[in-house]
Amino acid sequence: MQQFGKMSIGPQGDREILVTRSFNAPKALVWQALTTPALLKQWLGAFGDWSMPVCELDARVGGKYRYEWRNDVNGATMGMGGTFLEVDPPHRMVATELFDDAWYEGGAEVTQVLTETGGKTTLTLTVKYSSTAARDGVLASPAATGMAAGYDTLERVLAGGKGIRDA
């Protein structure tokens, strides 16, 4: 496992990546930040020159999500989406993941589990890829740095309550 600030990431099995990150917030608030478009826009990859003009999410079994990011300086875009396979608020959700311009082979299945102890919540994220090569390619990419930055921003959003209770 590698550490990126408060986030750890590493391989699990032959096709999975395991990510863990703890937040100083109750599980219900973390769940809200993971499933509310207005809150996702505040922390999910929207930092530096990047914004998230499209964030659509229907967190129910069979519901879909769609995220699009835009570099506000050079106009570059990145989009992805998927379908929810399991939703058990505020404990667990499982969804497919497919990027518009795939930067790894095939799609993925993402499982997010929240556990709370003493008012602190641990997010355990498992991403299962179509192959070992796809998983290894993601681990070799700078994706972990971006994930860690997003989760650090989420920590600040949770700590400051910025819009979280009203969203």
# chains A, B, ... in the order shown; residues from 1 in each chain; ligands from 1
$ residues_around --residues "range 144-151 of chain A" --least-positions-apart "4" --cutoff "8 Å" --atoms "only C-alpha atoms" --output "PyMOL selection string"
chain A and resi 4-7+9+21+43-47+139+155
$ write_last_selection --atoms "C-alpha atoms" --output "short mmCIF file (atom, residue, chain, number, x, y, z; two decimals), in the first residue's frame"
data_model
loop_
_atom_site.label_atom_id
_atom_site.label_comp_id
_atom_site.auth_asym_id
_atom_site.auth_seq_id
_atom_site.Cartn_x
_atom_site.Cartn_y
_atom_site.Cartn_z
CA PHE A 4 -0.82 9.81 -0.34
CA GLY A 5 -1.38 12.08 2.66
CA LYS A 6 -4.25 10.49 4.59
CA MET A 7 -5.18 8.13 1.74
CA ILE A 9 -3.94 2.84 -2.14
CA ARG A 21 -9.43 7.30 3.55
CA TRP A 43 -14.62 18.32 -4.24
CA LEU A 44 -14.60 15.63 -6.96
CA GLY A 45 -11.76 16.65 -9.24
CA ALA A 46 -12.80 20.30 -9.29
CA PHE A 47 -9.61 22.04 -8.25
CA LEU A 139 -1.70 2.13 -10.36
CA GLU A 155 -12.18 16.77 4.18
#
$ residues_around --residues "range 111-116 of chain A" --least-positions-apart "3" --cutoff "8 Å" --atoms "only C-alpha atoms" --output "JSON, numbers by chain"
{"A": [26, 27, 31, 90, 91, 92, 93, 94, 95, 119, 120, 121, 122, 123, 124, 125, 126, 127]}
$ closest_residue --among "A:Val110, A:Met1, A:Cys55, A:Val61" --to "Pro37 in chain A" --atoms "only C-alpha atoms"
A:Cys55
$ select_by_dssp --residues "range 12-82 of chain A" --states "alpha helix (DSSP H)" --output "PDB file with N, CA and C atoms, in the first residue's frame"
ATOM      1  N   LYS A  27     -20.828   9.388   9.287  1.00  0.00           N
ATOM      2  CA  LYS A  27     -21.105   8.659   8.049  1.00  0.00           C
ATOM      3  C   LYS A  27     -22.205   9.313   7.218  1.00  0.00           C
ATOM      4  N   ALA A  28     -23.251   9.801   7.862  1.00  0.00           N
ATOM      5  CA  ALA A  28     -24.370  10.410   7.117  1.00  0.00           C
ATOM      6  C   ALA A  28     -23.904  11.617   6.303  1.00  0.00           C
ATOM      7  N   LEU A  29     -22.980  12.415   6.851  1.00  0.00           N
ATOM      8  CA  LEU A  29     -22.484  13.580   6.103  1.00  0.00           C
ATOM      9  C   LEU A  29     -21.571  13.162   4.957  1.00  0.00           C
ATOM     10  N   VAL A  30     -20.740  12.147   5.193  1.00  0.00           N
ATOM     11  CA  VAL A  30     -19.872  11.671   4.114  1.00  0.00           C
ATOM     12  C   VAL A  30     -20.728  11.099   2.984  1.00  0.00           C
ATOM     13  N   TRP A  31     -21.743  10.320   3.344  1.00  0.00           N
ATOM     14  CA  TRP A  31     -22.657   9.775   2.329  1.00  0.00           C
ATOM     15  C   TRP A  31     -23.294  10.906   1.521  1.00  0.00           C
ATOM     16  N   GLN A  32     -23.733  11.939   2.219  1.00  0.00           N
ATOM     17  CA  GLN A  32     -24.353  13.086   1.547  1.00  0.00           C
ATOM     18  C   GLN A  32     -23.378  13.711   0.547  1.00  0.00           C
ATOM     19  N   ALA A  33     -22.116  13.833   0.940  1.00  0.00           N
ATOM     20  CA  ALA A  33     -21.112  14.429   0.059  1.00  0.00           C
ATOM     21  C   ALA A  33     -20.792  13.537  -1.139  1.00  0.00           C
ATOM     22  N   LEU A  34     -21.005  12.227  -1.004  1.00  0.00           N
ATOM     23  CA  LEU A  34     -20.760  11.287  -2.097  1.00  0.00           C
ATOM     24  C   LEU A  34     -21.938  11.174  -3.066  1.00  0.00           C
ATOM     25  N   THR A  35     -23.115  11.629  -2.642  1.00  0.00           N
ATOM     26  CA  THR A  35     -24.318  11.381  -3.437  1.00  0.00           C
ATOM     27  C   THR A  35     -25.120  12.632  -3.797  1.00  0.00           C
ATOM     28  N   PRO A  37     -25.135  16.010  -5.989  1.00  0.00           N
ATOM     29  CA  PRO A  37     -24.402  16.685  -7.058  1.00  0.00           C
ATOM     30  C   PRO A  37     -23.794  18.034  -6.662  1.00  0.00           C
ATOM     31  N   ALA A  38     -24.526  18.874  -5.943  1.00  0.00           N
ATOM     32  CA  ALA A  38     -23.982  20.183  -5.553  1.00  0.00           C
ATOM     33  C   ALA A  38     -22.734  20.035  -4.693  1.00  0.00           C
ATOM     34  N   LEU A  39     -22.670  18.995  -3.884  1.00  0.00           N
ATOM     35  CA  LEU A  39     -21.490  18.766  -3.048  1.00  0.00           C
ATOM     36  C   LEU A  39     -20.370  18.100  -3.834  1.00  0.00           C
ATOM     37  N   LEU A  40     -20.703  17.146  -4.682  1.00  0.00           N
ATOM     38  CA  LEU A  40     -19.686  16.499  -5.520  1.00  0.00           C
ATOM     39  C   LEU A  40     -18.932  17.539  -6.346  1.00  0.00           C
ATOM     40  N   LYS A  41     -19.652  18.540  -6.857  1.00  0.00           N
ATOM     41  CA  LYS A  41     -19.015  19.592  -7.665  1.00  0.00           C
ATOM     42  C   LYS A  41     -17.977  20.370  -6.864  1.00  0.00           C
ATOM     43  N   GLN A  42     -18.102  20.372  -5.537  1.00  0.00           N
ATOM     44  CA  GLN A  42     -17.156  21.122  -4.699  1.00  0.00           C
ATOM     45  C   GLN A  42     -15.839  20.380  -4.479  1.00  0.00           C
ATOM     46  N   TRP A  43     -15.837  19.048  -4.613  1.00  0.00           N
ATOM     47  CA  TRP A  43     -14.622  18.325  -4.243  1.00  0.00           C
ATOM     48  C   TRP A  43     -14.146  17.282  -5.244  1.00  0.00           C
TER      49      TRP A  43
END
$ residues_around --residues "Val138 in chain A" --least-positions-apart "6" --cutoff "12 Å" --atoms "only C-alpha atoms" --output "list in words"
Ile9, Gly10, Pro11, Arg15, Glu16, Ile17, Leu18, Ala102, Trp103, Tyr104, Glu105, Gly106, Gly107, Ala108, Val127, Lys128, Tyr129, Ser130, Ser131, Thr132, Ala144, Thr145, Gly146 and Met147 of chain A
$ write_last_selection --atoms "C-alpha atoms" --output "mmCIF file, in the first residue's frame"
data_model
loop_
_atom_site.group_PDB
_atom_site.id
_atom_site.type_symbol
_atom_site.label_atom_id
_atom_site.label_comp_id
_atom_site.auth_asym_id
_atom_site.auth_seq_id
_atom_site.Cartn_x
_atom_site.Cartn_y
_atom_site.Cartn_z
ATOM 1 C CA ILE A 9 -3.942 2.843 -2.142
ATOM 2 C CA GLY A 10 -2.673 -0.466 -3.413
ATOM 3 C CA PRO A 11 -3.420 -3.637 -5.314
ATOM 4 C CA ARG A 15 -7.678 -7.100 -10.705
ATOM 5 C CA GLU A 16 -8.542 -4.733 -7.854
ATOM 6 C CA ILE A 17 -7.306 -1.539 -6.274
ATOM 7 C CA LEU A 18 -8.117 -0.890 -2.628
ATOM 8 C CA ALA A 102 -10.940 5.262 -21.957
ATOM 9 C CA TRP A 103 -7.458 5.647 -20.524
ATOM 10 C CA TYR A 104 -7.503 2.051 -19.298
ATOM 11 C CA GLU A 105 -8.812 -1.112 -20.951
ATOM 12 C CA GLY A 106 -12.492 -1.903 -20.365
ATOM 13 C CA GLY A 107 -14.634 -0.529 -17.584
ATOM 14 C CA ALA A 108 -14.619 -1.057 -13.851
ATOM 15 C CA VAL A 127 -12.222 -0.773 -7.882
ATOM 16 C CA LYS A 128 -12.348 -4.000 -9.886
ATOM 17 C CA TYR A 129 -10.943 -3.757 -13.417
ATOM 18 C CA SER A 130 -11.446 -6.005 -16.439
ATOM 19 C CA SER A 131 -7.836 -7.194 -16.312
ATOM 20 C CA THR A 132 -4.648 -7.139 -14.273
ATOM 21 C CA ALA A 144 -3.814 8.351 -6.983
ATOM 22 C CA THR A 145 -2.516 11.910 -6.689
ATOM 23 C CA GLY A 146 -5.784 13.287 -8.069
ATOM 24 C CA MET A 147 -7.878 11.045 -5.823
#
$ closest_residue --among "A:Thr96, A:Glu56, A:Val87, A:Trp50" --to "Asn74 in chain A" --atoms "only C-alpha atoms"
A:Trp50
$ select_by_dssp --residues "range 32-119 of chain A" --states "strand (DSSP E)" --output "short mmCIF file (atom, residue, chain, number, x, y, z; two decimals) with N, CA and C atoms, in the first residue's frame"
data_model
loop_
_atom_site.label_atom_id
_atom_site.label_comp_id
_atom_site.auth_asym_id
_atom_site.auth_seq_id
_atom_site.Cartn_x
_atom_site.Cartn_y
_atom_site.Cartn_z
N TRP A 50 -9.55 23.07 -13.09
CA TRP A 50 -10.65 22.18 -13.48
C TRP A 50 -11.94 22.49 -12.74
N SER A 51 -13.04 22.44 -13.47
CA SER A 51 -14.37 22.57 -12.88
C SER A 51 -15.19 21.34 -13.30
N MET A 52 -16.36 21.22 -12.74
CA MET A 52 -17.23 20.08 -13.03
C MET A 52 -18.60 20.61 -13.48
N PRO A 53 -18.73 21.00 -14.75
CA PRO A 53 -19.98 21.59 -15.20
C PRO A 53 -21.14 20.60 -15.26
N VAL A 54 -20.85 19.31 -15.40
CA VAL A 54 -21.92 18.31 -15.45
C VAL A 54 -21.72 17.32 -14.31
N CYS A 55 -22.73 17.22 -13.47
CA CYS A 55 -22.73 16.26 -12.36
C CYS A 55 -24.17 15.83 -12.14
N GLU A 56 -24.50 14.69 -12.69
CA GLU A 56 -25.85 14.14 -12.59
C GLU A 56 -25.75 12.81 -11.88
N LEU A 57 -26.64 12.57 -10.92
CA LEU A 57 -26.53 11.36 -10.12
C LEU A 57 -27.91 10.94 -9.63
N LYS A 64 -28.47 6.08 -12.89
CA LYS A 64 -27.23 6.39 -13.60
C LYS A 64 -26.56 7.62 -13.00
N TYR A 65 -25.27 7.76 -13.32
CA TYR A 65 -24.56 8.98 -12.97
C TYR A 65 -23.73 9.41 -14.18
N ARG A 66 -23.47 10.70 -14.25
CA ARG A 66 -22.67 11.27 -15.33
C ARG A 66 -21.86 12.43 -14.77
N TYR A 67 -20.54 12.37 -14.96
CA TYR A 67 -19.65 13.45 -14.53
C TYR A 67 -18.87 13.94 -15.75
N GLU A 68 -18.76 15.27 -15.87
CA GLU A 68 -17.90 15.85 -16.91
C GLU A 68 -17.09 16.96 -16.27
N TRP A 69 -15.79 16.92 -16.52
CA TRP A 69 -14.88 17.95 -16.02
C TRP A 69 -14.39 18.78 -17.20
N ARG A 70 -14.03 20.02 -16.90
CA ARG A 70 -13.54 20.94 -17.93
C ARG A 70 -12.36 21.72 -17.38
N ASN A 71 -11.30 21.78 -18.17
CA ASN A 71 -10.18 22.64 -17.84
C ASN A 71 -10.56 24.03 -18.32
N THR A 77 -11.60 18.49 -21.86
CA THR A 77 -12.71 17.90 -21.12
C THR A 77 -12.43 16.43 -20.83
N MET A 78 -13.11 15.91 -19.83
CA MET A 78 -13.05 14.49 -19.49
C MET A 78 -14.42 14.12 -18.95
N GLY A 79 -14.97 13.00 -19.42
CA GLY A 79 -16.28 12.58 -18.96
C GLY A 79 -16.30 11.11 -18.62
N MET A 80 -17.23 10.75 -17.74
CA MET A 80 -17.41 9.35 -17.36
C MET A 80 -18.82 9.16 -16.82
N GLY A 81 -19.21 7.92 -16.72
CA GLY A 81 -20.53 7.62 -16.17
C GLY A 81 -20.65 6.16 -15.84
N GLY A 82 -21.84 5.80 -15.36
CA GLY A 82 -22.08 4.42 -15.01
C GLY A 82 -23.48 4.23 -14.46
N THR A 83 -23.71 3.04 -13.96
CA THR A 83 -25.00 2.63 -13.43
C THR A 83 -24.81 2.09 -12.02
N PHE A 84 -25.73 2.43 -11.14
CA PHE A 84 -25.68 1.92 -9.77
C PHE A 84 -26.23 0.50 -9.73
N LEU A 85 -25.45 -0.41 -9.16
CA LEU A 85 -25.84 -1.81 -9.04
C LEU A 85 -26.39 -2.13 -7.65
N GLU A 86 -25.87 -1.44 -6.64
CA GLU A 86 -26.33 -1.59 -5.26
C GLU A 86 -26.30 -0.21 -4.59
N VAL A 87 -27.31 0.09 -3.78
CA VAL A 87 -27.32 1.33 -3.02
C VAL A 87 -27.97 1.02 -1.67
N ASP A 88 -27.19 1.19 -0.59
CA ASP A 88 -27.66 0.94 0.77
C ASP A 88 -27.23 2.11 1.64
N ARG A 92 -23.26 1.64 1.86
CA ARG A 92 -22.57 0.99 0.74
C ARG A 92 -23.24 1.33 -0.59
N MET A 93 -22.41 1.49 -1.61
CA MET A 93 -22.92 1.59 -2.97
C MET A 93 -21.92 0.97 -3.93
N VAL A 94 -22.47 0.39 -4.99
CA VAL A 94 -21.67 -0.26 -6.02
C VAL A 94 -22.16 0.28 -7.36
N ALA A 95 -21.22 0.67 -8.22
CA ALA A 95 -21.58 1.21 -9.54
C ALA A 95 -20.55 0.81 -10.58
N THR A 96 -20.99 0.81 -11.83
CA THR A 96 -20.05 0.61 -12.92
C THR A 96 -19.35 1.94 -13.20
N GLU A 97 -18.23 1.88 -13.91
CA GLU A 97 -17.46 3.08 -14.25
C GLU A 97 -16.93 2.92 -15.67
N LEU A 98 -17.21 3.90 -16.51
CA LEU A 98 -16.70 3.88 -17.88
C LEU A 98 -16.40 5.31 -18.32
N PHE A 99 -15.15 5.55 -18.70
CA PHE A 99 -14.73 6.86 -19.18
C PHE A 99 -15.07 7.01 -20.66
N ALA A 108 -14.93 -0.62 -15.21
CA ALA A 108 -14.62 -1.06 -13.85
C ALA A 108 -15.90 -1.11 -13.04
N GLU A 109 -15.81 -1.79 -11.90
CA GLU A 109 -16.89 -1.80 -10.93
C GLU A 109 -16.34 -1.22 -9.64
N VAL A 110 -17.02 -0.20 -9.11
CA VAL A 110 -16.54 0.54 -7.94
C VAL A 110 -17.47 0.28 -6.76
N THR A 111 -16.89 -0.18 -5.66
CA THR A 111 -17.64 -0.42 -4.43
C THR A 111 -17.14 0.57 -3.37
N GLN A 112 -18.07 1.33 -2.78
CA GLN A 112 -17.74 2.26 -1.71
C GLN A 112 -18.47 1.82 -0.44
N VAL A 113 -17.71 1.64 0.64
CA VAL A 113 -18.27 1.23 1.92
C VAL A 113 -17.86 2.26 2.97
N LEU A 114 -18.82 2.73 3.76
CA LEU A 114 -18.56 3.68 4.83
C LEU A 114 -18.76 2.99 6.17
N THR A 115 -17.78 3.16 7.07
CA THR A 115 -17.91 2.67 8.44
C THR A 115 -17.57 3.81 9.38
N GLU A 116 -18.34 3.92 10.45
CA GLU A 116 -18.16 5.03 11.39
C GLU A 116 -17.79 4.49 12.77
N THR A 117 -16.80 5.12 13.37
CA THR A 117 -16.40 4.83 14.74
C THR A 117 -16.10 6.15 15.43
#
$ closest_residue --among "A:Gly62, A:Ala140, A:Thr20, A:Gly118" --to "Ser8 in chain A" --atoms "only C-alpha atoms"
A:Thr20
$ atom_distance --atom1 "CA of Pro142 in chain A" --atom2 "CA of Gln3 in chain A"
13.3 Å
$ closest_residue --among "A:Ala25, A:Val19, A:Ala143, A:Asp49" --to "Gly160 in chain A" --atoms "only C-alpha atoms"
A:Ala25
$ atom_distance --atom1 "CA of Asp152 in chain A" --atom2 "CA of Gly13 in chain A"
26.8 Å
